[in-house]
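Here's the structure we're looking at; comments come further down.
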Amino acid sequence: MKDSSEKNIIEEVTGSEYKYGFVSDIETESIPHGLSEEVVRLISAKKGEPEWLLEFRLKAFRYWQTLKMPSWAHLQIPEIDYQDIIYYAAPRTTSDKVKGEIDPDLVKTFDKLGIPLAERNELMGLAPESSQGTAVDAVMDSVSVKTTYKENLSKLGIIFCSISEAVRNHPELVRKYLGSVVTYRDNFFAALNSAVFSDGSFVYIPKGVRCPMELSTYFRINAKNTGQFERTLIVADDDSYVSYLEGCTAPIRDNAQLHAAIVEIYVHDRAEVKYSTVQNWYPGDKQGRGGIYNFVTKRCLCQGVCSRISWTQVETGSAITWKYPSCVLKGEESTGEFYSVAVTNNYQQADTGTKMIHLGRRSRSTIVSKGISAGHSQNSYRGLVRVASEATGVRNHSQCDSLLLGSDCGAHTFPYIDIHNETAVVEHEATTSKINEEQLFYCNQRGISTEEAVGLIVNGYAKDVLNKLPMEFAVEAQKLLQVSLEGSIG
Amino acid sequence: MSNILLEIKDLHANIGDKEILKGVNLTVNEGEIHAIMGPNGSGKSTLSAVLTGHPAYTVTSGEVWYKGKNLLEMPPEVRSREGIFLSFQYPVEIPGVSMVNFMRAAVNEHRKYRGEAPLNASEFLKLMREKKSLVELDNKLTNRSVNEGFSGGEKKRNEIFQMAMLDPTLSILDETDSGLDIDALRVVAEGVNKIQGPHKSCIVITHYQRLLDYIRPQIVHVLYKGRMVKTGDFSLATYLEQNGYDWIKQEVGE
């Protein structure tokens, strides 16, 4: 009975357009495509980097050359020609910008994306302590365009700037922490990123400081055939706190583009970091053409006692996502949390999850993963919970739910549990469900359209995760979930 | 009393290849309560599903006019916004969606359709409180997900609560009495009666007279094998209660 009507509904609902797909007509300076030692040196030279950083890049590059792309994920990745990618592209005006001035076209681009590059509170004469705003580091292609509220934050000793600037102004900090959580030997994409990383954000919160506003980085890919390799480094010193947000979009292009980022977070004693991502890279079209390949290594080292990290991610974009924000819980009584909603539609593929590595005694972790698959997409949760032999009194709770919309998509769960201490309490729960015709008809009969019904049901399903996002982000994320799934029902 | 609200003419409908409705005729005027009775499998629930636009059913021929408009051309959500409400025989559970959010979406869609501004939170909660008391619906239920973990009786009360919230012109109660004990039946029926008005109509689908003692229809029909085979006043319901359906089967030639 269902076949024909199910198909109709699916066709009806799969009609939404990617809203951030525009291209900005901004002159770009880029280097020739291809990757070699010369290219690595060229990137480093363009950024005017010190010798130690060039060495770091070269070591990573040489190591990368010995590696093969990993194939263990539940993903079908078309062959990537790493010599066909441009590894550095910068909006031209920024390279010769006068201090404090940005190209109006760039401001327009970020305005269009809803990212303010002007500091509202400054205009209103508010001190950062009293503000509820968000400081933004805006990154386009390979360079940081502008970081807002930098001066205000620096009065508290908080460093928030692009990583290139941090290399220049705070080399001792960058040198100490860069690669300390994710070494260049970690994996194929980490090695690649370490060799060619362009820009990204650097955050340092000094001892005892609670960062008074949300810090955020907005990543935008604009240039064609360019890879984006950003690198974010966050250090939270003893007793500090910061909430950090990350957003990303890209134009609609027929060819797939590579994005291979690293995020490293280092958390000292009793410090707490909340890291939220709303990932909305261009997902490719309905036939699966184009889109971003999102191969990201994110890891947090909870080095200090009672340190805390909380990852929250809403993944709706990218043609392929390969991403496992992880927690190394080394400090005693440290806490790691991972809250994830991953949506795949059309021909998108996602293999995402987390790793909780319990090294510290009485360390605790929570995993809540909500996968939503529609269209012809494939959505996998992959997670590891490891408890080291010396880590007594560890607790973990994992909850992995999958929701299917339609009958041509797939949901998969790959939990790995590796326990070496018998005092550990590790729980894993998993469910799979499907939005069915009767639920939708029930909503319709009450006057709610199918699209809105899907939005209600999906947001209800993802509620536990969305609640973890900062307020203004949560509203955006709810809308995004609905838009990503428009037309995808059955 | 003479304004026609709903007019069904020679309606045929299938599920898959199987014809269930084989030429149904029915006229419901404003302010009337009709009962549709009949043995299992005669097409009663199919009729309510077809009237509300369930996608699993296909209308193969016939017409349905509602408020002078062609009902069969409207998608299900528009039929709802036009004032047709179905109290489901088996209300579905929608995990994760709270009754409050669900009802707010529904009420505001109806308001939007009428060109009215959405209710703000306090107006909406006031409306909820008011209507909950009509069916003595427990407060805790509206904080839960839609129908999740509700008992059979609670689900039925919840249907009538939603009916009160949406204030329909034509209500279809599909075996709302099944699974209700006598006290719940009385509460639900009283709720329905409070919602009824001179310009509102109701179609009550049931096997038994007991619900009709509370919601008293002016007109009683018997649906059998996809056709209306008998129409009468309330006494027909009483006669059926005493004599069953066998005499009808004989009358139509079995």
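By order in the structure tokens, chains are A, B, ...; within a chain, residues start at 1; ligands start at 1, following the order shown.
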Within 6 Å of segment 73-85 of chain B using only C-alpha atoms, minus same-chain residues under 5 positions, as a PDB file with N, CA, C and O atoms, in the first residue's frame:
ATOM      1  N   ASN A 444      -0.691  15.864   9.438  1.00  0.00           N
ATOM      2  CA  ASN A 444      -1.469  16.492   8.353  1.00  0.00           C
ATOM      3  C   ASN A 444      -2.910  16.710   8.797  1.00  0.00           C
ATOM      4  O   ASN A 444      -3.500  17.754   8.547  1.00  0.00           O
ATOM      5  N   GLN A 445      -3.464  15.681   9.435  1.00  0.00           N
ATOM      6  CA  GLN A 445      -4.872  15.769   9.819  1.00  0.00           C
ATOM      7  C   GLN A 445      -5.101  16.878  10.851  1.00  0.00           C
ATOM      8  O   GLN A 445      -6.201  17.350  11.049  1.00  0.00           O
ATOM      9  N   ARG A 446      -4.041  17.295  11.506  1.00  0.00           N
ATOM     10  CA  ARG A 446      -4.194  18.389  12.464  1.00  0.00           C
ATOM     11  C   ARG A 446      -3.837  19.736  11.824  1.00  0.00           C
ATOM     12  O   ARG A 446      -3.708  20.742  12.503  1.00  0.00           O
ATOM     13  N   GLY A 447      -3.605  19.710  10.495  1.00  0.00           N
ATOM     14  CA  GLY A 447      -3.359  20.970   9.792  1.00  0.00           C
ATOM     15  C   GLY A 447      -1.884  21.266   9.578  1.00  0.00           C
ATOM     16  O   GLY A 447      -1.535  22.333   9.078  1.00  0.00           O
ATOM     17  N   ILE A 448      -1.011  20.333   9.963  1.00  0.00           N
ATOM     18  CA  ILE A 448       0.432  20.569   9.855  1.00  0.00           C
ATOM     19  C   ILE A 448       0.924  19.944   8.548  1.00  0.00           C
ATOM     20  O   ILE A 448       0.675  18.765   8.288  1.00  0.00           O
ATOM     21  N   SER A 449       1.611  20.732   7.726  1.00  0.00           N
ATOM     22  CA  SER A 449       2.069  20.215   6.439  1.00  0.00           C
ATOM     23  C   SER A 449       3.159  19.167   6.642  1.00  0.00           C
ATOM     24  O   SER A 449       3.780  19.105   7.703  1.00  0.00           O
TER      25      SER A 449
ATOM     26  N   THR B  52     -10.659  12.395   5.025  1.00  0.00           N
ATOM     27  CA  THR B  52      -9.571  13.226   5.548  1.00  0.00           C
ATOM     28  C   THR B  52      -8.323  13.160   4.668  1.00  0.00           C
ATOM     29  O   THR B  52      -7.331  13.800   4.965  1.00  0.00           O
ATOM     30  N   GLY B  53      -8.383  12.356   3.591  1.00  0.00           N
ATOM     31  CA  GLY B  53      -7.293  12.377   2.615  1.00  0.00           C
ATOM     32  C   GLY B  53      -6.108  11.492   2.928  1.00  0.00           C
ATOM     33  O   GLY B  53      -4.976  11.818   2.571  1.00  0.00           O
ATOM     34  N   HIS B 110      -3.720  26.608  11.636  1.00  0.00           N
ATOM     35  CA  HIS B 110      -5.137  26.920  11.410  1.00  0.00           C
ATOM     36  C   HIS B 110      -5.359  28.427  11.404  1.00  0.00           C
ATOM     37  O   HIS B 110      -6.093  28.954  10.580  1.00  0.00           O
ATOM     38  N   PRO B 168     -13.415  22.255  15.249  1.00  0.00           N
ATOM     39  CA  PRO B 168     -13.765  21.943  13.854  1.00  0.00           C
ATOM     40  C   PRO B 168     -15.236  22.192  13.514  1.00  0.00           C
ATOM     41  O   PRO B 168     -16.082  22.284  14.403  1.00  0.00           O
ATOM     42  N   THR B 169     -15.502  22.268  12.213  1.00  0.00           N
ATOM     43  CA  THR B 169     -16.881  22.392  11.726  1.00  0.00           C
ATOM     44  C   THR B 169     -17.497  21.010  11.532  1.00  0.00           C
ATOM     45  O   THR B 169     -18.665  20.796  11.804  1.00  0.00           O
ATOM     46  N   LEU B 170     -16.672  20.097  11.041  1.00  0.00           N
ATOM     47  CA  LEU B 170     -17.144  18.721  10.859  1.00  0.00           C
ATOM     48  C   LEU B 170     -16.202  17.781  11.616  1.00  0.00           C
ATOM     49  O   LEU B 170     -15.027  17.671  11.283  1.00  0.00           O
ATOM     50  N   SER B 171     -16.746  17.130  12.623  1.00  0.00           N
ATOM     51  CA  SER B 171     -15.928  16.178  13.386  1.00  0.00           C
ATOM     52  C   SER B 171     -16.317  14.766  13.002  1.00  0.00           C
ATOM     53  O   SER B 171     -17.503  14.467  12.880  1.00  0.00           O
TER      54      SER B 171
END
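Shell of Gln196 of chain B at 9 Å, with only C-alpha atoms counted and residues fewer than 6 places along the chain excluded, is Gly31, Asp167, Thr169 and Cys202 of chain B.
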How close does chain A get to chain B? List, as a Markdown table, each residue of chain A within 9 Å, its nearest atom pair and the distance in Å to one decimal, counting only C-alpha atoms.
| residue | atom | partner | partner_atom | distance |
| --- | --- | --- | --- | --- |
| A:Met1 | CA | B:Gly16 | CA | 5.6 |
| A:Lys2 | CA | B:Ala56 | CA | 6.4 |
| A:Ser4 | CA | B:Ala56 | CA | 8.6 |
| A:Ser5 | CA | B:Pro55 | CA | 6.0 |
| A:Glu6 | CA | B:Pro55 | CA | 8.7 |
| A:Ile435 | CA | B:Ile94 | CA | 8.8 |
| A:Glu437 | CA | B:Pro55 | CA | 8.4 |
| A:Glu438 | CA | B:Val92 | CA | 6.9 |
| A:Gln439 | CA | B:Val92 | CA | 6.1 |
| A:Phe441 | CA | B:His54 | CA | 6.6 |
| A:Tyr442 | CA | B:Val92 | CA | 7.1 |
| A:Cys443 | CA | B:Ala106 | CA | 7.9 |
| A:Asn444 | CA | B:Glu77 | CA | 4.5 |
| A:Gln445 | CA | B:Ser80 | CA | 5.5 |
| A:Arg446 | CA | B:Ala106 | CA | 5.7 |
| A:Gly447 | CA | B:Glu77 | CA | 4.1 |
| A:Ile448 | CA | B:Ala106 | CA | 5.6 |
| A:Ser449 | CA | B:Glu77 | CA | 5.8 |
| A:Thr450 | CA | B:Glu77 | CA | 8.3 |
| A:Glu452 | CA | B:Ala105 | CA | 8.6 |
| A:Ala453 | CA | B:Phe102 | CA | 8.9 |
| A:Leu456 | CA | B:Val97 | CA | 6.5 |
| A:Ile457 | CA | B:Val97 | CA | 6.0 |
| A:Val458 | CA | B:Gly96 | CA | 8.3 |
| A:Asn459 | CA | B:Gly96 | CA | 7.9 |
| A:Gly460 | CA | B:Gly96 | CA | 4.2 |
| A:Tyr461 | CA | B:Gly96 | CA | 5.1 |
| A:Ala462 | CA | B:Gly96 | CA | 8.1 |
| A:Lys463 | CA | B:Gly96 | CA | 7.5 |
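Close contacts of Arg157 of chain B, defined as residues with an atom at most 8 Å away when counting only C-alpha atoms, with chain neighbours fewer than 2 positions off set aside, comprise Val135, Leu137, Gly153, Glu154, Lys155, Glu159, Ile160, Phe161, Ala184 and Val188 of chain B.
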Quick one: everything within 9 Å of segment 21-23 of chain B, counting only C-alpha atoms, minus sequence neighbours fewer than 3 positions away in the same chain. Send it as a short mmCIF file (atom, residue, chain, number, x, y, z; two decimals) with N, CA, C and O atoms, in the first residue's frame.
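result00.cif, freshly written:
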data_model
loop_
_atom_site.label_atom_id
_atom_site.label_comp_id
_atom_site.auth_asym_id
_atom_site.auth_seq_id
_atom_site.Cartn_x
_atom_site.Cartn_y
_atom_site.Cartn_z
N LYS B 9 -21.28 11.87 -3.05
CA LYS B 9 -22.08 11.30 -4.15
C LYS B 9 -21.37 10.12 -4.79
O LYS B 9 -20.29 10.29 -5.37
N ASP B 10 -21.98 8.96 -4.66
CA ASP B 10 -21.53 7.75 -5.35
C ASP B 10 -20.01 7.55 -5.23
O ASP B 10 -19.31 7.37 -6.23
N LEU B 11 -19.52 7.58 -4.01
CA LEU B 11 -18.07 7.52 -3.77
C LEU B 11 -17.54 6.09 -3.81
O LEU B 11 -18.03 5.21 -3.10
N HIS B 12 -16.54 5.90 -4.67
CA HIS B 12 -15.85 4.61 -4.75
C HIS B 12 -14.39 4.82 -4.35
O HIS B 12 -13.77 5.78 -4.81
N ALA B 13 -13.86 3.94 -3.52
CA ALA B 13 -12.45 4.09 -3.12
C ALA B 13 -11.80 2.74 -2.93
O ALA B 13 -12.43 1.77 -2.49
N ASN B 14 -10.51 2.71 -3.25
CA ASN B 14 -9.72 1.47 -3.17
C ASN B 14 -8.59 1.62 -2.16
O ASN B 14 -8.09 2.71 -1.94
N SER B 42 -16.96 -3.27 6.91
CA SER B 42 -17.92 -2.75 5.95
C SER B 42 -17.45 -1.46 5.29
O SER B 42 -18.05 -1.01 4.32
N GLY B 43 -16.39 -0.85 5.81
CA GLY B 43 -15.82 0.33 5.15
C GLY B 43 -15.95 1.61 5.97
O GLY B 43 -15.68 2.70 5.47
N LYS B 44 -16.32 1.49 7.25
CA LYS B 44 -16.54 2.69 8.07
C LYS B 44 -15.25 3.50 8.24
O LYS B 44 -15.23 4.72 8.02
N THR B 46 -12.58 3.26 6.45
CA THR B 46 -12.13 3.71 5.13
C THR B 46 -12.80 5.02 4.76
O THR B 46 -12.15 5.94 4.26
N LEU B 47 -14.09 5.12 5.05
CA LEU B 47 -14.81 6.35 4.73
C LEU B 47 -14.18 7.54 5.46
O LEU B 47 -13.94 8.60 4.86
N VAL B 59 -9.36 7.35 -4.44
CA VAL B 59 -10.75 7.52 -4.85
C VAL B 59 -10.81 7.21 -6.34
O VAL B 59 -10.09 7.81 -7.13
N SER B 61 -13.93 6.88 -8.15
CA SER B 61 -14.96 7.70 -8.77
C SER B 61 -15.86 8.29 -7.70
O SER B 61 -15.81 7.91 -6.54
N GLY B 62 -16.68 9.22 -8.10
CA GLY B 62 -17.59 9.88 -7.17
C GLY B 62 -17.11 11.27 -6.78
O GLY B 62 -16.03 11.70 -7.19
N LYS B 225 -20.76 -3.54 3.34
CA LYS B 225 -20.06 -3.87 2.10
C LYS B 225 -19.85 -2.64 1.20
O LYS B 225 -20.09 -2.69 -0.01
N GLY B 226 -19.50 -1.54 1.82
CA GLY B 226 -19.13 -0.37 1.04
C GLY B 226 -20.29 0.46 0.53
O GLY B 226 -20.08 1.33 -0.31
N ARG B 227 -21.50 0.18 1.02
CA ARG B 227 -22.65 1.00 0.63
C ARG B 227 -23.50 1.33 1.85
O ARG B 227 -23.57 0.56 2.79
N MET B 228 -24.18 2.47 1.79
CA MET B 228 -25.17 2.80 2.82
C MET B 228 -26.42 2.00 2.49
O MET B 228 -27.09 2.27 1.48
#
Subject >> Residues near segment 191-200 of chain A, cut-off 9 Å, only C-alpha atoms, skip fewer than 3 positions along chain, as a ChimeraX atom specification >> reply: /A:35,39-40,43-44,47,54,56-65,67,87-89,137-144,161-164,179,183-188,217,219,228-233,260-262
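Taking atom CA of Met471 of chain A and atom CA of Arg111 of chain B as endpoints, the distance between them is 27.6 Å.
Each of A:Cys327, A:Met69, A:Ala90, A:Cys409 was compared to Gly353 of chain A using only C-alpha atoms, and A:Cys327 turns out to be the nearest.
Every protein, DNA or RNA residue with an atom at most 6 Å from Arg270 of chain A, where only C-alpha atoms count and chain neighbours fewer than 4 positions away do not, is listed here: Asp238, Asp239, Val305, Cys306 and Ser307 of chain A.
Distance check against Asn346 of chain A using only C-alpha atoms: of A:Thr316, A:Ser24, A:Ser276, A:Ser326, the minimum falls on A:Thr316.
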**OP:** List every residue of segment 69-215 of chain B that DSSP, applied to the backbone of this structure, assigns to helix (DSSP H, G or I), and report them as a ChimeraX atom specification.
**Re:** /B:71-73,76-81,99-113,121-134,139-142,152-166,182-195,210-214
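In this model, the gap between atom CA of Cys300 of chain A and atom CA of Gln76 of chain A comes to 27.9 Å.
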Original post:
So which residues touch Ile320 of chain A within 7 Å, counting only C-alpha atoms, skipping near sequence neighbours fewer than 3 positions away, as an NGL selection string?
Top reply: :A and (292-294 or 348-350)
Hey, can you spit out that residue selection with C-alpha atoms as a CSV table (one decimal), in the first residue's frame?
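Writing done, so here's selection-v5.csv:
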chain,number,residue,atom,x,y,z
A,292,ILE,CA,32.8,19.2,0.2
A,293,TYR,CA,34.8,16.2,1.4
A,294,ASN,CA,35.1,16.9,5.1
A,348,GLN,CA,25.6,12.4,1.3
A,349,GLN,CA,27.7,10.0,3.3
A,350,ALA,CA,28.7,10.5,6.9
Original post:
Which of these residues is nearest to Trp281 of chain A, using only C-alpha atoms: A:Ile367, A:Ala411, A:Leu480, A:Leu469?
Top reply: A:Leu480
